[in-house]
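Chemist: Got a structure for you, query-v9.txt, holding compact mmCIF, C-alpha atoms.
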```
# COMPACT_ATOMS: atom_id res chain seq x y z
CA MET F 1239 26.34 47.03 -19.82
CA ALA F 1240 27.45 43.46 -20.16
CA THR F 1241 26.55 42.66 -16.57
CA LYS F 1242 23.05 43.98 -17.05
CA THR F 1243 22.39 41.64 -19.95
CA ILE F 1244 23.36 38.65 -17.84
CA GLU F 1245 21.00 39.70 -15.09
CA VAL F 1246 18.07 39.86 -17.46
CA LYS F 1247 18.84 36.38 -18.73
CA GLN F 1248 18.78 34.96 -15.23
CA GLU F 1249 15.34 36.38 -14.62
CA ALA F 1250 13.81 34.95 -17.78
CA PRO F 1251 11.69 31.91 -16.91
CA LEU F 1252 12.90 30.07 -20.00
CA ALA F 1253 16.35 29.72 -18.55
CA GLU F 1254 14.87 27.73 -15.67
CA GLU F 1255 13.46 25.04 -17.90
CA LYS F 1256 16.88 24.01 -19.03
CA THR F 1257 17.97 23.04 -15.56
CA GLU F 1258 17.60 19.45 -14.52
CA ARG F 1259 16.27 18.18 -11.25
CA ILE F 1260 18.37 16.31 -8.77
CA ARG F 1261 15.57 14.14 -7.42
CA ASP F 1262 15.23 11.00 -9.48
CA ARG F 1263 11.47 11.07 -9.76
CA ARG F 1264 9.02 11.85 -12.48
CA VAL F 1265 7.34 15.23 -12.43
CA TYR F 1266 3.70 15.56 -13.34
CA VAL F 1267 1.71 18.65 -14.20
CA PRO F 1268 -1.32 18.62 -11.89
CA ARG F 1269 -4.76 19.56 -13.15
CA ALA F 1270 -5.94 22.96 -12.04
CA ASP F 1271 -8.93 25.25 -12.03
CA ILE F 1272 -8.28 28.95 -11.96
CA TYR F 1273 -11.06 31.38 -11.37
CA GLU F 1274 -11.56 34.93 -10.40
CA THR F 1275 -14.08 36.48 -8.07
CA LYS F 1276 -14.57 40.15 -7.31
CA ASP F 1277 -11.78 40.20 -4.73
CA ASP F 1278 -9.68 37.10 -5.30
CA LEU F 1279 -7.87 34.97 -7.77
CA VAL F 1280 -8.34 31.33 -6.79
CA VAL F 1281 -6.26 28.34 -7.87
CA VAL F 1282 -7.65 24.85 -7.17
CA MET F 1283 -5.27 22.00 -7.91
CA ASP F 1284 -5.38 18.21 -7.67
CA VAL F 1285 -2.36 16.95 -5.75
CA PRO F 1286 -3.32 13.44 -4.59
CA GLY F 1287 -1.07 12.15 -1.83
CA ALA F 1288 0.31 15.52 -0.79
CA ASP F 1289 -0.39 17.21 2.53
CA GLU F 1290 0.51 20.60 3.95
CA LYS F 1291 3.99 19.43 4.92
CA SER F 1292 4.92 18.12 1.49
CA MET F 1293 3.95 21.21 -0.49
CA ASP F 1294 5.92 24.21 -1.49
CA ILE F 1295 4.35 27.39 -2.89
CA VAL F 1296 6.50 30.25 -4.05
CA LEU F 1297 5.43 33.60 -5.47
CA GLU F 1298 8.44 35.30 -6.92
CA LYS F 1299 7.90 38.51 -8.81
CA SER F 1300 4.82 37.59 -10.82
CA VAL F 1301 5.52 33.87 -11.19
CA LEU F 1302 3.60 31.53 -8.93
CA THR F 1303 5.18 28.09 -8.59
CA ILE F 1304 3.46 25.21 -6.83
CA ARG F 1305 5.39 22.07 -6.04
CA ALA F 1306 4.23 18.97 -4.22
CA PHE F 1307 6.27 15.99 -3.11
CA PRO F 1308 3.77 13.31 -2.12
CA LYS F 1309 4.90 10.26 -0.20
CA TYR F 1310 3.96 6.99 -1.77
CA GLU F 1311 3.62 4.00 0.47
CA ARG F 1312 4.27 0.92 -1.56
CA PRO F 1313 2.65 -2.20 -0.17
CA GLU F 1314 5.44 -4.39 1.14
CA LYS F 1315 6.30 -7.63 -0.61
CA LEU F 1316 3.66 -7.02 -3.29
CA SER F 1317 4.45 -6.45 -6.91
CA LEU F 1318 2.78 -3.91 -9.16
CA ALA F 1319 0.41 -5.80 -11.43
CA TYR F 1320 -1.40 -2.97 -13.17
CA ALA F 1321 -0.77 0.76 -13.26
CA GLU F 1322 -2.75 3.73 -14.47
CA TYR F 1323 -1.01 6.50 -12.62
CA GLY F 1324 2.65 7.11 -12.04
CA GLU F 1325 4.21 8.01 -8.75
CA GLY F 1326 6.02 11.28 -8.86
CA ASP F 1327 6.15 14.90 -7.85
CA PHE F 1328 3.87 17.66 -9.02
CA GLU F 1329 5.03 20.97 -10.35
CA ARG F 1330 3.31 23.81 -12.14
CA SER F 1331 3.97 27.51 -12.61
CA PHE F 1332 1.73 30.36 -13.58
CA ALA F 1333 2.57 33.88 -14.59
CA LEU F 1334 0.18 36.20 -12.79
CA SER F 1335 -0.88 39.28 -14.64
CA GLU F 1336 -2.56 41.02 -11.74
CA GLU F 1337 -1.25 42.66 -8.66
CA ILE F 1338 -1.59 40.38 -5.66
CA ASP F 1339 -1.84 41.35 -2.02
CA ARG F 1340 1.06 39.20 -0.86
CA GLU F 1341 0.32 39.58 2.84
CA HIS F 1342 -3.03 37.85 2.71
CA ILE F 1343 -2.51 34.78 0.53
CA GLU F 1344 -4.25 31.73 1.95
CA ALA F 1345 -3.49 28.12 1.08
CA THR F 1346 -5.26 25.02 2.36
CA VAL F 1347 -4.93 21.36 1.43
CA LYS F 1348 -7.78 18.94 1.98
CA ASN F 1349 -8.30 15.44 0.58
CA GLY F 1350 -5.45 15.96 -1.86
CA VAL F 1351 -6.74 19.22 -3.31
CA LEU F 1352 -4.97 22.53 -2.89
CA HIS F 1353 -7.01 25.71 -2.55
CA LEU F 1354 -4.99 28.84 -3.03
CA ARG F 1355 -6.64 32.20 -2.56
CA LEU F 1356 -4.73 35.19 -3.85
CA PRO F 1357 -6.43 38.45 -2.92
CA LYS F 1358 -6.16 41.17 -5.51
CA ALA F 1359 -4.27 44.23 -4.44
CA GLY F 1360 -6.20 47.47 -4.21
CA ALA F 1361 -5.06 48.84 -7.55
CA ALA F 1362 -6.08 45.71 -9.44
CA LYS F 1363 -9.59 45.59 -8.02
CA PRO F 1364 -12.14 46.60 -10.59
CA GLN F 1365 -13.60 49.98 -10.01
CA LYS F 1366 -16.86 51.08 -11.38
CA ILE F 1367 -16.71 54.21 -13.37
CA ALA F 1368 -19.87 56.20 -13.43
CA ILE F 1369 -20.87 57.48 -16.80
CA LYS F 1370 -22.67 60.75 -16.93
CA ALA F 1371 -25.10 61.62 -19.60
CA GLY F 1372 -23.75 64.61 -21.41
CA MET D 1295 41.77 -6.28 -30.85
CA ILE D 1296 40.82 -3.79 -28.20
CA TYR D 1297 37.45 -3.95 -26.55
CA ARG D 1298 36.15 -0.87 -24.88
CA ARG D 1299 34.32 -1.98 -21.80
CA TYR D 1300 32.08 0.98 -21.16
CA SER D 1301 30.81 1.87 -24.59
CA VAL D 1302 27.64 -0.24 -24.61
CA PRO D 1303 25.13 1.58 -22.36
CA SER D 1304 25.36 4.86 -24.30
CA ILE D 1305 22.32 4.00 -26.40
CA PHE D 1306 20.15 3.59 -23.30
CA GLU D 1307 21.38 6.86 -21.93
CA GLU D 1308 20.53 8.46 -25.24
CA MET D 1309 17.04 6.94 -25.18
CA SER D 1310 16.23 8.14 -21.70
CA ASN D 1311 17.46 11.61 -22.61
CA LEU D 1312 15.17 11.57 -25.62
CA GLN D 1313 12.23 10.42 -23.51
CA ARG D 1314 12.83 13.22 -21.04
CA GLU D 1315 13.01 15.76 -23.85
CA MET D 1316 9.76 14.49 -25.36
CA GLU D 1317 7.99 14.61 -22.02
CA ARG D 1318 9.11 18.16 -21.46
CA MET D 1319 7.93 19.17 -24.92
CA MET D 1320 4.54 17.53 -24.46
CA GLN D 1321 4.09 19.30 -21.16
CA ALA D 1322 5.01 22.65 -22.65
CA PHE D 1323 2.42 22.41 -25.41
CA ALA D 1324 -0.43 20.74 -23.57
CA PRO D 1325 0.08 20.75 -19.81
CA ASP D 1326 -3.37 19.35 -19.12
CA ARG D 1327 -2.74 16.38 -21.34
CA ALA D 1328 0.33 15.30 -19.45
CA ARG D 1329 -1.78 13.49 -16.90
CA MET D 1330 -4.89 13.03 -18.98
CA LEU D 1331 -6.75 9.85 -18.16
CA SER D 1332 -9.90 8.71 -19.84
CA THR D 1333 -11.25 7.41 -16.57
CA PHE D 1334 -11.56 8.62 -13.02
CA PRO D 1335 -10.23 7.55 -10.60
CA ALA D 1336 -6.90 6.24 -11.83
CA MET D 1337 -6.02 2.95 -10.17
CA ASN D 1338 -2.90 0.94 -9.48
CA ALA D 1339 -3.02 -2.72 -8.46
CA TRP D 1340 -0.47 -4.52 -6.29
CA THR D 1341 -0.65 -8.22 -5.80
CA ASP D 1342 0.89 -11.45 -4.58
CA ASP D 1343 -0.64 -14.89 -3.94
CA GLU D 1344 -2.42 -13.88 -0.74
CA VAL D 1345 -3.69 -10.36 -1.13
CA GLU D 1346 -4.43 -7.66 -3.67
CA VAL D 1347 -4.07 -3.96 -2.89
CA ILE D 1348 -5.78 -1.38 -5.09
CA THR D 1349 -4.79 2.25 -4.78
CA ALA D 1350 -6.77 5.00 -6.48
CA GLU D 1351 -6.26 8.72 -6.82
CA VAL D 1352 -9.43 10.43 -5.61
CA PRO D 1353 -8.41 14.04 -4.95
CA GLY D 1354 -11.25 16.24 -3.78
CA VAL D 1355 -13.58 13.37 -2.96
CA ASP D 1356 -14.84 13.25 0.60
CA PRO D 1357 -14.16 9.74 2.02
CA LYS D 1358 -17.82 9.70 3.11
CA ASP D 1359 -18.90 9.98 -0.53
CA ILE D 1360 -17.01 6.87 -1.65
CA ASP D 1361 -18.86 3.55 -2.01
CA ILE D 1362 -16.89 0.34 -2.34
CA THR D 1363 -18.55 -2.93 -3.29
CA VAL D 1364 -17.00 -6.34 -3.89
CA ASN D 1365 -18.68 -9.10 -5.83
CA ASN D 1366 -16.60 -12.26 -6.01
CA ASP D 1367 -13.62 -10.98 -8.03
CA VAL D 1368 -14.92 -7.61 -9.17
CA LEU D 1369 -14.27 -4.44 -7.18
CA THR D 1370 -16.45 -1.39 -7.82
CA ILE D 1371 -15.53 2.07 -6.59
CA SER D 1372 -18.16 4.73 -7.02
CA GLY D 1373 -18.85 8.13 -5.57
CA GLU D 1374 -19.17 11.77 -6.26
CA ARG D 1375 -16.73 14.62 -6.46
CA LYS D 1376 -18.54 17.73 -5.36
CA ALA D 1377 -17.68 21.18 -6.57
CA THR D 1378 -16.27 23.28 -3.74
CA GLU D 1379 -16.81 26.83 -4.83
CA GLN D 1380 -20.19 28.28 -4.00
CA ALA D 1381 -19.48 31.97 -4.48
CA GLU D 1382 -21.26 33.92 -7.13
CA GLU D 1383 -19.79 36.02 -9.90
CA ILE D 1384 -17.10 33.51 -10.77
CA ARG D 1385 -15.14 33.97 -13.93
CA TYR D 1386 -13.18 30.90 -14.97
CA HIS D 1387 -9.77 31.18 -16.58
CA ARG D 1388 -9.08 27.47 -16.62
CA ARG D 1389 -11.22 24.43 -15.97
CA GLU D 1390 -9.34 21.18 -16.10
CA ARG D 1391 -10.80 19.41 -13.10
CA VAL D 1392 -14.03 17.52 -13.57
CA ASN D 1393 -16.70 17.21 -10.91
CA GLY D 1394 -19.60 14.84 -10.68
CA LYS D 1395 -20.43 11.20 -10.15
CA PHE D 1396 -18.06 8.41 -11.04
CA SER D 1397 -18.12 4.63 -10.98
CA ARG D 1398 -15.47 2.16 -11.98
CA SER D 1399 -15.14 -1.60 -11.78
CA ILE D 1400 -11.92 -3.54 -11.88
CA GLN D 1401 -11.35 -7.25 -12.32
CA LEU D 1402 -9.21 -8.65 -9.52
CA ALA D 1403 -6.61 -11.35 -9.87
CA PHE D 1404 -8.64 -13.80 -7.76
CA PRO D 1405 -11.97 -14.03 -5.85
CA VAL D 1406 -11.68 -12.23 -2.51
CA ASP D 1407 -13.14 -12.61 0.93
CA ALA D 1408 -15.62 -9.70 1.00
CA GLU D 1409 -15.82 -9.82 4.82
CA LYS D 1410 -12.14 -9.02 5.24
CA VAL D 1411 -11.83 -6.18 2.74
CA THR D 1412 -10.54 -2.98 4.32
CA ALA D 1413 -10.25 0.52 2.86
CA ALA D 1414 -8.51 3.71 3.93
CA CYS D 1415 -8.42 7.16 2.39
CA GLU D 1416 -5.64 9.63 3.09
CA ASN D 1417 -4.85 12.89 1.31
CA GLY D 1418 -6.94 11.94 -1.68
CA VAL D 1419 -5.44 8.49 -2.16
CA LEU D 1420 -7.73 5.52 -1.54
CA THR D 1421 -6.20 2.18 -0.56
CA VAL D 1422 -8.32 -0.96 -0.66
CA THR D 1423 -6.86 -4.19 0.74
CA LEU D 1424 -8.53 -7.36 -0.52
CA PRO D 1425 -7.43 -10.72 0.93
CA ARG D 1426 -7.85 -13.77 -1.28
CA ALA D 1427 -10.82 -16.03 -0.56
CA GLU D 1428 -9.85 -19.07 1.51
CA ALA D 1429 -11.58 -21.41 -0.96
CA ASP D 1430 -9.57 -20.05 -3.85
CA LYS D 1431 -6.12 -20.41 -2.27
CA PRO D 1432 -3.89 -22.95 -3.89
CA ARG D 1433 -3.45 -26.14 -1.86
CA LYS D 1434 -0.30 -28.08 -1.57
CA ILE D 1435 -0.72 -31.72 -2.41
CA SER D 1436 1.85 -33.97 -0.96
CA VAL D 1437 3.03 -36.85 -3.08
CA LYS D 1438 3.28 -40.13 -1.29
CA SER D 1439 5.82 -42.64 -2.27
CA VAL D 1440 4.27 -46.04 -2.65
```
Could you rewrite the structure in this file as structure tokens?
Modeler:
Amino acid sequence: MATKTIEVKQEAPLAEEKTERIRDRRVYVPRADIYETKDDLVVVMDVPGADEKSMDIVLEKSVLTIRAFPKYERPEKLSLAYAEYGEGDFERSFALSEEIDREHIEATVKNGVLHLRLPKAGAAKPQKIAIKAG
Amino acid sequence: MIYRRYSVPSIFEEMSNLQREMERMMQAFAPDRARMLSTFPAMNAWTDDEVEVITAEVPGVDPKDIDITVNNDVLTISGERKATEQAEEIRYHRRERVNGKFSRSIQLAFPVDAEKVTAACENGVLTVTLPRAEADKPRKISVKSV
């Protein structure tokens, strides 16, 4: 019994938040749009500076985690005079409520925007139920 | 009297821990506010005596849609971020990204040579390099001994 309790604790997403990162960089929460069409769940996310090589998308159980590690090229010999955005990594997780067809997930990055298409699995697709007049 | 050599920095350590905690809390309650900026695009400016480099985050903006103009010591970046999704029957769960036209001007540290300004856009980060105008560069004046 005791072992089982420990296992459940490890799975809880809250436990993850207490861990600290090794990389000494700030982590930002990127802005995202999430929308649903008839067949897909689509996540659009702003990740300026990141390309397909510096991104990491993991779908574990029903938790989708998107991480990006953009490279920042600092102009040599110049000093930062004015700053509105910080240089750091991006990280954001979502708990998905619907069944996802894991085989057909598509992700593309263009101009610093991630498009993630998660097709709904057959069971989660809405089905029309015909109503008969009685 | 005994002095402990390594007791001093603990307050700074404590402060950075506190800052990290606060950041985490803010992100947990309002994730979209963590990077909220009143203006788009966000810009950083790098400078020395010869050149100024402006970087701006323009995710989702096609480089073709960006217009850059320089007037003496004012740089203006304008353009349009176009919505990508065209499909019908869309149901939004979250909408944090904003589309549409934008225009921003920034005062530079010195007048620049508009002919030599170069700009590059990679992965949604725009970099504009603005060399200082020749006429504005400081001149060394040698002092003659009489």
Chemist: Tell me as a VMD selection string which residues belonging to chain D come within 7 Å of chain F, counting only C-alpha atoms.
Modeler: chain D and resid 1325 to 1326 1328 to 1329 1336 to 1342 1351 to 1356 1383 to 1391 1416 to 1419
Chemist: Skipping near chain neighbours, those fewer than 2 positions away, what residues fall within 8 Å of Glu1374 in chain D using only C-alpha atoms, listed as a short mmCIF file (atom, residue, chain, number, x, y, z; two decimals) with C-alpha atoms, in the frame of the given file?
Modeler:
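Listing of part12.cif after writing:
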```
data_model
loop_
_atom_site.label_atom_id
_atom_site.label_comp_id
_atom_site.auth_asym_id
_atom_site.auth_seq_id
_atom_site.Cartn_x
_atom_site.Cartn_y
_atom_site.Cartn_z
CA VAL D 1355 -13.58 13.37 -2.96
CA ASP D 1359 -18.90 9.98 -0.53
CA ILE D 1360 -17.01 6.87 -1.65
CA SER D 1372 -18.16 4.73 -7.02
CA LYS D 1376 -18.54 17.73 -5.36
CA ASN D 1393 -16.70 17.21 -10.91
CA GLY D 1394 -19.60 14.84 -10.68
CA LYS D 1395 -20.43 11.20 -10.15
CA PHE D 1396 -18.06 8.41 -11.04
#
```
Chemist: Using only C-alpha atoms, can you list as a PDB file with C-alpha atoms, keeping the file's coordinate frame the residues within 9 Å of (-10.4, 3.8, -14.3)?
Modeler:
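Final output, saved to out_23.pdb:
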```
ATOM      1  CA  GLU F1322      -2.750   3.730 -14.470  1.00  0.00           C
TER       2      GLU F1322
ATOM      3  CA  LEU D1331      -6.750   9.850 -18.160  1.00  0.00           C
ATOM      4  CA  SER D1332      -9.900   8.710 -19.840  1.00  0.00           C
ATOM      5  CA  THR D1333     -11.250   7.410 -16.570  1.00  0.00           C
ATOM      6  CA  PHE D1334     -11.560   8.620 -13.020  1.00  0.00           C
ATOM      7  CA  PRO D1335     -10.230   7.550 -10.600  1.00  0.00           C
ATOM      8  CA  ALA D1336      -6.900   6.240 -11.830  1.00  0.00           C
ATOM      9  CA  MET D1337      -6.020   2.950 -10.170  1.00  0.00           C
ATOM     10  CA  ALA D1350      -6.770   5.000  -6.480  1.00  0.00           C
ATOM     11  CA  SER D1397     -18.120   4.630 -10.980  1.00  0.00           C
ATOM     12  CA  ARG D1398     -15.470   2.160 -11.980  1.00  0.00           C
ATOM     13  CA  SER D1399     -15.140  -1.600 -11.780  1.00  0.00           C
ATOM     14  CA  ILE D1400     -11.920  -3.540 -11.880  1.00  0.00           C
TER      15      ILE D1400
END
```
Chemist: Mind giving me the straight-line distance from CA of Pro1432 in chain D to CA of Val1368 in chain D in Å, one decimal?
Modeler: 19.6 Å
Chemist: May I ask for the distance between CA of Ala1408 in chain D and CA of Pro1357 in chain D, given in Å to one decimal place?
Modeler: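 The value is 19.5 Å.
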Chemist: Need to verify the contact set: Leu1369 in chain D, 9 Å, only C-alpha atoms, exclusion of same-chain residues closer than 3 positions in sequence. Can you return it as a ChimeraX atom specification?
Modeler: /D:1362-1366,1398-1402
Chemist: Using only C-alpha atoms, please write the residues we just selected to a file, as a PDB file, in the coordinates of the input.
Modeler:
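In the end it all went to out_13.pdb:
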```pdb
ATOM      1  CA  ILE D1362     -16.890   0.340  -2.340  1.00  0.00           C
ATOM      2  CA  THR D1363     -18.550  -2.930  -3.290  1.00  0.00           C
ATOM      3  CA  VAL D1364     -17.000  -6.340  -3.890  1.00  0.00           C
ATOM      4  CA  ASN D1365     -18.680  -9.100  -5.830  1.00  0.00           C
ATOM      5  CA  ASN D1366     -16.600 -12.260  -6.010  1.00  0.00           C
ATOM      6  CA  ARG D1398     -15.470   2.160 -11.980  1.00  0.00           C
ATOM      7  CA  SER D1399     -15.140  -1.600 -11.780  1.00  0.00           C
ATOM      8  CA  ILE D1400     -11.920  -3.540 -11.880  1.00  0.00           C
ATOM      9  CA  GLN D1401     -11.350  -7.250 -12.320  1.00  0.00           C
ATOM     10  CA  LEU D1402      -9.210  -8.650  -9.520  1.00  0.00           C
TER      11      LEU D1402
END
```
Chemist: At most 7 Å from (-2.9, -20.5, -1.9), file frame, all atoms listed in the file: which residues, as a count of residues only?
Modeler: 6
Chemist: Can you pull out every residue within 7 Å of Val1422 in chain D, counting all atoms listed in the file, but drop anything in the same chain fewer than 4 positions away, and send it as a compact mmCIF listing (two decimals) with C-alpha atoms, in the frame of the given file?
Modeler:
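Wrote part17.txt, looks like this:
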```txt
# COMPACT_ATOMS: atom_id res chain seq x y z
CA VAL D 1347 -4.07 -3.96 -2.89
CA ILE D 1348 -5.78 -1.38 -5.09
CA THR D 1349 -4.79 2.25 -4.78
CA THR D 1412 -10.54 -2.98 4.32
CA ALA D 1413 -10.25 0.52 2.86
CA ALA D 1414 -8.51 3.71 3.93
```
Chemist: One decimal, Å: what's the distance from CA of Glu1336 in chain F over to CA of Thr1303 in chain F, could you say?
Modeler: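 Interatomic distance, CA of Glu1336 in chain F to CA of Thr1303 in chain F: 15.4 Å.
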Chemist: Using all atoms listed in the file for the distances, tell me which of F:Ala1371, F:Lys1366, F:Asp1339, F:Arg1355 is nearest to Ser1300 in chain F.
Modeler: F:Asp1339
Chemist: Taking only C-alpha atoms into account, name the residue in F:Glu1311, F:Ile1295, F:Glu1329, F:Ile1304 that is nearest to Arg1259 in chain F.
Modeler: F:Glu1329
